[in-house]
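Below: entry24.cif (mmCIF, C-alpha atoms)
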```cif
data_target
#
loop_
_atom_site.label_atom_id
_atom_site.label_comp_id
_atom_site.auth_asym_id
_atom_site.auth_seq_id
_atom_site.Cartn_x
_atom_site.Cartn_y
_atom_site.Cartn_z
CA MET C 1 -32.45 91.88 -36.62
CA ARG C 2 -35.99 90.56 -36.82
CA ASN C 3 -35.21 87.60 -34.57
CA SER C 4 -33.02 89.33 -32.00
CA ALA C 5 -35.23 89.51 -28.90
CA GLY C 6 -33.64 87.57 -26.06
CA PHE C 7 -33.83 87.21 -22.31
CA THR C 8 -32.62 89.94 -19.97
CA THR C 9 -28.98 89.04 -19.34
CA ILE C 10 -26.69 90.46 -16.66
CA PHE C 11 -22.90 90.20 -16.77
CA GLY C 12 -20.85 90.87 -13.64
CA ARG C 13 -19.35 89.43 -10.48
CA ASN C 14 -20.73 88.21 -7.13
CA LEU C 15 -24.08 87.79 -8.84
CA ILE C 16 -24.97 84.60 -6.98
CA GLY C 17 -24.30 86.25 -3.64
CA GLU C 18 -26.85 88.96 -4.45
CA LEU C 19 -29.68 86.56 -5.31
CA PRO C 20 -31.01 86.11 -1.72
CA ASN C 21 -31.43 89.89 -1.49
CA PHE C 22 -34.10 90.11 -4.18
CA VAL C 23 -35.53 86.76 -5.30
CA HIS C 24 -38.96 85.70 -4.05
CA GLN C 25 -38.78 83.94 -0.68
CA PRO C 26 -38.60 81.13 0.11
CA TYR C 27 -36.68 80.02 -2.97
CA LEU C 28 -35.74 76.62 -4.36
CA VAL C 29 -32.30 76.18 -5.94
CA VAL C 30 -32.24 73.57 -8.70
CA THR C 31 -28.68 72.40 -9.18
CA MET C 32 -26.38 69.34 -9.30
CA ASP C 33 -24.89 67.39 -6.41
CA ASP C 34 -21.32 68.25 -7.46
CA LEU C 35 -22.10 71.97 -7.70
CA TRP C 36 -24.09 72.54 -4.53
CA PRO C 37 -21.10 72.35 -2.13
CA LEU C 38 -19.42 75.07 -4.20
CA PHE C 39 -22.30 77.53 -3.95
CA ALA C 40 -24.30 76.64 -0.83
CA ARG C 41 -22.62 79.37 1.21
CA HIS C 42 -24.23 82.08 -0.92
CA PHE C 43 -27.77 81.26 0.25
CA ASP C 44 -29.51 82.19 3.49
CA ASP C 45 -32.27 80.92 5.79
CA ASN C 46 -34.89 81.67 3.14
CA LEU C 47 -33.67 78.69 1.13
CA ALA C 48 -36.52 76.19 0.80
CA GLY C 49 -33.87 73.67 -0.07
CA PRO C 50 -31.62 72.61 -2.89
CA TYR C 51 -33.11 70.23 -5.43
CA LEU C 52 -30.28 68.08 -6.78
CA VAL C 53 -31.05 66.91 -10.30
CA SER C 54 -30.76 63.17 -10.83
CA THR C 55 -32.88 62.73 -13.95
CA ILE C 56 -34.08 64.59 -17.04
CA ASP C 57 -36.73 62.01 -17.80
CA GLY C 58 -39.98 63.90 -18.21
CA ASP C 59 -42.19 61.29 -16.59
CA GLU C 60 -39.89 60.97 -13.59
CA LEU C 61 -39.74 64.74 -13.16
CA LYS C 62 -43.53 64.97 -13.16
CA ALA C 63 -43.53 62.66 -10.15
CA GLU C 64 -40.80 64.77 -8.51
CA LEU C 65 -43.08 67.83 -8.51
CA THR C 66 -45.13 66.39 -5.68
CA LYS C 67 -42.03 66.09 -3.49
CA LEU C 68 -40.81 69.68 -3.76
CA PRO C 69 -40.94 71.90 -0.67
CA PRO C 70 -43.17 75.00 -0.74
CA CYS C 71 -41.40 77.88 -2.50
CA ASN C 72 -42.13 81.17 -4.25
CA CYS C 73 -39.52 81.05 -7.00
CA ILE C 74 -37.03 78.77 -8.72
CA ILE C 75 -33.32 79.44 -9.17
CA GLY C 76 -31.61 77.34 -11.81
CA LEU C 77 -27.90 76.98 -11.04
CA GLY C 78 -25.64 74.87 -13.24
CA GLY C 79 -25.40 73.50 -16.76
CA GLY C 80 -28.01 72.30 -19.20
CA GLN C 81 -29.66 69.67 -17.03
CA ALA C 82 -30.12 71.92 -13.99
CA LEU C 83 -31.33 74.84 -16.08
CA ASP C 84 -33.80 72.70 -18.02
CA VAL C 85 -35.22 71.10 -14.88
CA ALA C 86 -35.50 74.56 -13.33
CA LYS C 87 -37.51 75.65 -16.36
CA TYR C 88 -39.74 72.61 -16.12
CA PHE C 89 -40.44 73.18 -12.41
CA ALA C 90 -41.07 76.91 -12.87
CA TRP C 91 -43.50 76.20 -15.72
CA SER C 92 -45.28 73.38 -13.93
CA LEU C 93 -45.68 75.36 -10.70
CA ARG C 94 -46.17 78.74 -12.38
CA LEU C 95 -43.36 80.33 -10.38
CA PRO C 96 -40.86 83.09 -11.20
CA LEU C 97 -37.55 81.81 -12.53
CA PHE C 98 -33.97 83.09 -12.20
CA GLN C 99 -31.24 81.35 -14.23
CA VAL C 100 -27.53 81.20 -13.36
CA PRO C 101 -25.41 79.23 -15.84
CA THR C 102 -22.16 77.99 -14.31
CA SER C 103 -20.48 77.45 -17.68
CA MET C 104 -20.85 78.34 -21.36
CA SER C 105 -21.46 74.74 -22.38
CA VAL C 106 -25.05 75.09 -23.65
CA ASN C 107 -27.67 77.72 -24.42
CA ALA C 108 -30.27 76.20 -22.07
CA ALA C 109 -30.42 79.33 -19.91
CA PHE C 110 -31.71 81.28 -22.90
CA GLY C 111 -34.37 78.90 -24.22
CA HIS C 112 -38.08 78.95 -23.47
CA ARG C 113 -38.56 75.17 -23.38
CA ALA C 114 -36.91 72.40 -21.37
CA GLY C 115 -35.09 69.65 -23.26
CA LEU C 116 -36.25 66.48 -21.50
CA ARG C 117 -36.16 62.80 -22.41
CA PHE C 118 -39.27 60.75 -23.05
CA SER C 119 -38.71 57.05 -23.83
CA GLY C 120 -35.09 57.93 -24.60
CA ASN C 121 -35.96 60.65 -27.13
CA VAL C 122 -35.50 64.40 -26.71
CA ARG C 123 -38.60 66.55 -26.50
CA TYR C 124 -38.71 70.27 -25.81
CA VAL C 125 -41.59 71.03 -23.47
CA GLY C 126 -42.89 73.84 -21.30
CA TRP C 127 -42.58 77.61 -21.35
CA ALA C 128 -40.46 79.62 -18.96
CA VAL C 129 -39.05 83.12 -19.35
CA PRO C 130 -36.61 83.97 -16.55
CA GLU C 131 -36.71 87.27 -14.74
CA ALA C 132 -33.05 87.46 -15.79
CA VAL C 133 -30.07 85.30 -16.67
CA TYR C 134 -27.00 86.04 -14.53
CA VAL C 135 -23.60 85.45 -16.13
CA ASP C 136 -20.93 85.71 -13.45
CA PHE C 137 -17.44 86.01 -14.93
CA ASP C 138 -15.74 84.39 -11.92
CA VAL C 139 -18.18 81.48 -11.87
CA ILE C 140 -17.80 80.83 -15.60
CA GLN C 141 -14.01 81.06 -15.44
CA ASN C 142 -13.89 78.50 -12.63
CA ALA C 143 -15.65 75.87 -14.74
CA PRO C 144 -13.47 73.27 -16.50
CA PRO C 145 -12.08 74.79 -19.72
CA VAL C 146 -13.34 71.90 -21.85
CA VAL C 147 -16.89 72.53 -20.64
CA ASN C 148 -16.72 76.26 -21.40
CA ARG C 149 -15.10 75.91 -24.78
CA SER C 150 -17.53 73.25 -25.91
CA GLY C 151 -20.25 75.91 -25.89
CA ILE C 152 -19.18 76.90 -29.40
CA CYS C 153 -21.19 73.91 -30.59
CA GLU C 154 -24.45 75.77 -30.01
CA ILE C 155 -23.40 78.39 -32.56
CA LEU C 156 -21.20 76.55 -35.06
CA CYS C 157 -24.04 74.06 -35.52
CA TYR C 158 -25.78 76.76 -37.55
CA HIS C 159 -23.38 75.79 -40.36
CA THR C 160 -24.72 72.25 -40.65
CA GLY C 161 -28.27 73.34 -39.90
CA HIS C 162 -28.17 75.68 -42.90
CA ALA C 163 -26.67 73.02 -45.16
CA ASP C 164 -29.40 70.57 -44.16
CA TRP C 165 -32.12 73.17 -44.76
CA ARG C 166 -30.75 74.01 -48.21
CA LEU C 167 -30.62 70.32 -49.06
CA ALA C 168 -34.20 69.76 -47.92
CA HIS C 169 -35.30 72.79 -49.95
CA ALA C 170 -33.53 71.49 -53.05
CA ARG C 171 -35.14 68.07 -52.65
CA GLY C 172 -38.60 69.47 -52.01
CA LYS C 173 -38.47 67.99 -48.50
CA THR C 174 -38.91 71.09 -46.38
CA GLU C 175 -41.78 71.01 -43.95
CA ALA C 176 -44.81 73.13 -44.91
CA LYS C 177 -44.52 74.99 -41.60
CA TRP C 178 -40.78 75.63 -42.12
CA PRO C 179 -40.25 76.81 -45.73
CA TYR C 180 -36.68 77.82 -46.48
CA ASP C 181 -36.01 81.37 -45.27
CA GLN C 182 -32.79 82.99 -46.44
CA ALA C 183 -33.27 85.93 -44.08
CA LEU C 184 -33.22 83.59 -41.07
CA VAL C 185 -30.14 81.84 -42.44
CA ASP C 186 -28.36 85.16 -42.95
CA GLU C 187 -29.23 86.35 -39.45
CA ALA C 188 -27.94 83.16 -37.84
CA ALA C 189 -24.80 83.25 -40.01
CA ALA C 190 -24.05 86.76 -38.79
CA VAL C 191 -24.23 85.56 -35.18
CA MET C 192 -21.96 82.64 -36.02
CA THR C 193 -19.40 85.05 -37.50
CA THR C 194 -19.07 86.83 -34.14
CA VAL C 195 -18.05 83.52 -32.56
CA MET C 196 -15.73 82.50 -35.38
CA ASP C 197 -13.98 85.87 -34.94
CA ALA C 198 -13.51 85.30 -31.20
CA LEU C 199 -12.32 81.68 -31.05
CA ASP C 200 -9.06 82.57 -29.29
CA ASP C 201 -10.87 84.60 -26.62
CA ILE C 202 -13.40 81.80 -26.13
CA ARG C 203 -10.57 79.29 -25.76
CA ALA C 204 -8.96 81.58 -23.16
CA VAL C 205 -12.34 82.04 -21.41
CA ASN C 206 -11.56 85.70 -20.91
CA GLU C 207 -14.22 88.38 -20.47
CA LYS C 208 -14.42 89.13 -24.18
CA GLY C 209 -14.81 85.45 -24.95
CA ILE C 210 -17.51 85.01 -22.31
CA ARG C 211 -19.47 88.04 -23.50
CA THR C 212 -19.21 86.98 -27.14
CA LEU C 213 -20.27 83.37 -26.70
CA MET C 214 -22.98 84.04 -24.12
CA THR C 215 -24.42 86.87 -26.22
CA ALA C 216 -24.49 84.53 -29.22
CA ASN C 217 -26.13 81.85 -27.07
CA ARG C 218 -28.64 84.46 -25.90
CA TRP C 219 -29.69 84.94 -29.52
CA GLY C 220 -29.61 81.24 -30.33
CA GLY C 221 -31.46 80.10 -27.25
CA ALA C 222 -34.42 82.34 -28.03
CA ALA C 223 -34.26 81.74 -31.80
CA PHE C 224 -36.40 78.59 -31.74
CA HIS C 225 -39.40 80.46 -30.34
CA ASN C 226 -38.63 83.72 -32.10
CA ALA C 227 -38.78 82.02 -35.50
CA GLY C 228 -42.17 80.48 -34.73
CA TRP C 229 -40.75 77.26 -33.25
CA ASN C 230 -38.61 76.75 -36.34
CA PRO C 231 -35.29 74.99 -35.52
CA ARG C 232 -34.06 74.77 -39.10
CA HIS C 233 -31.66 77.72 -38.98
CA ILE C 234 -30.06 76.71 -35.69
CA GLU C 235 -29.37 72.96 -35.78
CA GLY C 236 -29.41 69.82 -37.87
CA ALA C 237 -27.12 66.84 -38.48
CA ASP C 238 -24.81 68.05 -35.71
CA HIS C 239 -27.31 67.44 -32.93
CA PHE C 240 -28.68 64.31 -34.61
CA LEU C 241 -25.31 62.56 -34.28
CA PHE C 242 -25.22 63.58 -30.62
CA TYR C 243 -28.68 62.09 -30.05
CA ALA C 244 -27.64 58.88 -31.81
CA LEU C 245 -24.45 58.51 -29.77
CA GLU C 246 -26.40 59.07 -26.58
CA TYR C 247 -29.02 56.53 -27.68
CA TYR C 248 -26.62 53.78 -28.83
CA THR C 249 -24.02 54.10 -26.08
CA GLY C 250 -26.29 54.97 -23.16
CA LYS C 251 -23.66 57.49 -22.05
CA LYS C 252 -23.98 61.12 -21.01
CA PHE C 253 -21.72 63.64 -22.69
CA ILE C 254 -20.38 67.13 -22.35
CA HIS C 255 -22.88 68.43 -24.89
CA GLY C 256 -20.42 70.29 -27.10
CA GLN C 257 -18.08 67.41 -27.86
CA PRO C 258 -20.46 65.09 -29.75
CA VAL C 259 -22.26 68.07 -31.30
CA CYS C 260 -18.96 69.48 -32.58
CA LEU C 261 -18.14 66.04 -33.98
CA GLY C 262 -21.54 66.17 -35.69
CA ILE C 263 -20.72 69.59 -37.11
CA TYR C 264 -17.60 68.20 -38.73
CA VAL C 265 -19.32 65.03 -39.99
CA GLY C 266 -22.21 67.06 -41.41
CA ALA C 267 -19.87 69.52 -43.13
CA LEU C 268 -17.90 66.60 -44.59
CA LEU C 269 -21.02 64.89 -45.93
CA HIS C 270 -22.29 68.15 -47.40
CA GLU C 271 -18.81 68.96 -48.76
CA ASP C 272 -19.31 72.39 -47.20
CA LYS C 273 -16.11 73.74 -45.61
CA PRO C 274 -15.31 70.64 -43.50
CA ALA C 275 -11.65 71.57 -43.06
CA GLU C 276 -12.56 75.09 -41.95
CA MET C 277 -15.08 73.83 -39.42
CA LEU C 278 -12.71 71.22 -38.01
CA ALA C 279 -9.95 73.84 -37.73
CA ALA C 280 -12.32 76.17 -35.84
CA ILE C 281 -13.26 73.40 -33.39
CA VAL C 282 -9.60 72.57 -32.77
CA ARG C 283 -8.66 76.24 -32.44
CA ALA C 284 -11.32 76.74 -29.78
CA GLY C 285 -9.82 73.86 -27.82
CA VAL C 286 -12.72 71.40 -28.05
CA ASP C 287 -11.56 67.78 -28.23
CA ILE C 288 -13.95 65.74 -30.39
CA ARG C 289 -11.93 62.53 -30.38
CA PRO C 290 -14.03 59.67 -28.95
CA ALA C 291 -11.48 58.92 -26.24
CA ALA C 292 -12.10 62.41 -24.84
CA MET C 293 -15.79 61.53 -24.55
CA GLY C 294 -15.30 58.13 -22.94
CA ILE C 295 -16.29 56.18 -26.05
CA THR C 296 -14.48 54.57 -28.99
CA TRP C 297 -14.28 55.04 -32.73
CA ASP C 298 -16.26 51.81 -33.00
CA ASP C 299 -19.10 53.54 -31.13
CA VAL C 300 -18.93 56.48 -33.54
CA SER C 301 -18.81 54.14 -36.53
CA HIS C 302 -21.85 52.24 -35.28
CA ALA C 303 -23.83 55.47 -34.91
CA LEU C 304 -22.79 56.72 -38.34
CA LEU C 305 -23.68 53.46 -40.07
CA ASN C 306 -27.12 53.56 -38.50
CA MET C 307 -27.86 57.27 -38.86
CA ARG C 308 -30.28 56.91 -41.76
CA ASP C 309 -32.49 54.57 -39.77
CA PHE C 310 -32.06 56.58 -36.58
CA VAL C 311 -33.20 59.96 -37.96
CA ARG C 312 -36.18 58.38 -39.71
CA GLN C 313 -37.32 56.41 -36.69
CA ALA C 314 -36.87 59.43 -34.43
CA GLY C 315 -38.90 61.60 -36.83
CA LEU C 316 -36.14 64.19 -37.17
CA TRP C 317 -36.38 66.79 -39.91
CA TYR C 318 -34.92 66.05 -43.35
CA GLY C 319 -31.20 66.49 -43.82
CA ILE C 320 -28.04 64.84 -45.03
CA PHE C 321 -28.41 61.79 -42.78
CA HIS C 322 -31.68 60.90 -44.48
CA GLU C 323 -29.95 60.20 -47.77
CA ALA C 324 -26.18 59.90 -47.32
CA GLU C 325 -24.78 56.43 -47.97
CA ILE C 326 -22.41 56.13 -45.03
CA ASP C 327 -20.10 53.13 -45.09
CA GLU C 328 -17.06 51.90 -43.18
CA ALA C 329 -14.78 53.83 -45.51
CA PHE C 330 -16.45 57.11 -44.62
CA ALA C 331 -16.26 56.32 -40.90
CA LYS C 332 -12.56 55.59 -41.29
CA GLN C 333 -12.10 58.86 -43.16
CA VAL C 334 -13.70 60.78 -40.30
CA GLN C 335 -11.45 58.98 -37.83
CA ALA C 336 -8.27 59.67 -39.81
CA ASN C 337 -9.08 63.35 -40.38
CA VAL C 338 -10.03 64.04 -36.77
CA GLU C 339 -7.04 62.24 -35.31
CA ALA C 340 -4.70 64.07 -37.68
CA ALA C 341 -6.16 67.44 -36.70
CA TYR C 342 -5.23 66.91 -33.04
CA GLU C 343 -1.88 65.21 -33.55
CA GLY C 344 0.77 66.74 -31.32
CA LEU C 345 -1.63 69.18 -29.66
CA THR C 346 -2.17 69.66 -25.94
CA LEU C 347 -5.66 70.89 -25.04
#
```
Render the structure in this file as C-alpha cells.
Amino acid sequence: MRNSAGFTTIFGRNLIGELPNFVHQPYLVVTMDDLWPLFARHFDDNLAGPYLVSTIDGDELKAELTKLPPCNCIIGLGGGQALDVAKYFAWSLRLPLFQVPTSMSVNAAFGHRAGLRFSGNVRYVGWAVPEAVYVDFDVIQNAPPVVNRSGICEILCYHTGHADWRLAHARGKTEAKWPYDQALVDEAAAVMTTVMDALDDIRAVNEKGIRTLMTANRWGGAAFHNAGWNPRHIEGADHFLFYALEYYTGKKFIHGQPVCLGIYVGALLHEDKPAEMLAAIVRAGVDIRPAAMGITWDDVSHALLNMRDFVRQAGLWYGIFHEAEIDEAFAKQVQANVEAAYEGLTL
C-alpha cells in the first residue's frame, strides 16, 4: 500500500506501568481530570506533574505553555483532547512524545497534527510523531463501551468522504491540490472493509476487535499527511455535520456519535448504501439518536437546514452539503429511519 506508513504501535498489557522505566525524565503527563485518579499510581517521583486538559482552544493553549513545569518529554494519556494537547505541547516545546490512548474513540493518537479550535472552528496544527503509541488491552476494555465502539466513525467515514470526492470530481469542483485519486479511494476502502468485517468483535471490544480498529485507525490517522495533506479520501460530510452540531449547540460530544450520524445522513443524501451504513452503525452498538448525545431532533434539524451555509462559511471542501436542498421533510425522514433502526434494541 503506497499510503501505509504509520506510527510505531505496541499492543499489550501493563504498558502504562512500564512508561516510567524508559521515558525521558522528568516527564509531563497530559490527561483529563476524570482519568488521572485512575492512572496516577503508575507514575513515580520523576513525574513533573499531570497537566489536566481544560481547553482545546489554540490561543488559550499557547498561553498555557508558559505555565508548564520543566520536563524532558510529554506523555499523552486519554482520548482525543488529551492526545491532541499532548501533540501540541510536544511540538511547541520540541520534546519527545509518547501516546497512550485510553479508548478506541478517535484516531488522534495516530495523527501528526493536533485538532484545535480557533474562533470556534477546527484547525489542524503542529507536527508531532510519537516515539510509540501504546495500546493496552486492559485499559481499552475498561473504557465505556459506547466510547470504544464509536471509534468506527473514523473508518466508516471513508464511505461518505469518497462519495463527496466523486461528486466534486463530477461537478468540476475538486481542489487543484487534491485531484480525484482512485488509488487512494481504493486503499482507504480496503481498510474500511477490515472494520466492516469485524463489527461484532469491535462491539464486544475483544482483542481481535481492538487490534482491527486500532490498526485501521493507525492507517487513517497517518493518511492525511501520507497523502500530501489530502483529507478527501478519509472524511467529508460526516465530520461536517459533527462540526455543525458542535457549533450550533455549543455542546461537546463523544466524537463517534455525531460523526456516525453524519455518515448515515451523507449516505442518504448521496443515495449510496444508506441502509447498509446505518445497519453497520447499529450492529457495532453506536447509538446515533440525539437523545444519546444529549441533544434533540430539533437540534439536528436546525443543523441540517443550515448545512449549506455552514460548510460555505467554514470554507470546507466541496461535497453533498454544498448543493443538497435539505428541507424539513428530509430531516423528518432521517429521524424516522434512525429511530426505526434502534427500535426494541438495548445497547
| query | In terms of the shortest atom-to-atom distance over all atoms listed in the file, which of C:Ile281, C:Met32, C:Val23, C:Ile152 is closest to Leu97 of chain C? | reply |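 Nearest to Leu97 of chain C: C:Val23.
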| message | Neighbouring residues of segment 84-92 of chain C were defined as those with any atom within 10 Å, considering only C-alpha atoms; residues of the same chain fewer than 6 positions away were excluded. Please report them as a PyMOL selection string. | response | chain C and resi 28-31+51-58+61-62+64-65+68+72-78+98-99+108-109+111-116+124-130
Coordinates of box centre and edge lengths for segment 89-94 of chain C, 6 Å on every side, axis-aligned, as JSON:
```
{"center_x": -43.3, "center_y": 76.0, "center_z": -13.2, "size_x": 17.7, "size_y": 17.6, "size_z": 17.0}
```
| field | Residue with smallest distance to Gly220 of chain C - pool C:Tyr27, C:Phe242, C:Tyr248, C:Phe110, counting all atoms listed in the file | value | C:Phe110
| message | Please determine, counting only C-alpha atoms, which residue among C:Leu268, C:Val282, C:Ala168, C:Ile155 has the shortest atom-to-atom distance to Leu347 of chain C. | response |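 Among C:Leu268, C:Val282, C:Ala168, C:Ile155, it is C:Val282 that comes nearest to Leu347 of chain C.
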| Explicit residue set for the PyMOL selection byres ((chain C and resi 195-203) around 9), as a list in words | Pro145, Val146, Asn148, Arg149, Ile152, Ile155, Leu156, Val191, Met192, Thr193, Thr194, Ala204, Val205, Asn206, Glu207, Lys208, Gly209, Ile210, Thr212, Leu213, Ala216, Ala280, Ile281, Arg283, Ala284, Gly285 and Val286 of chain C
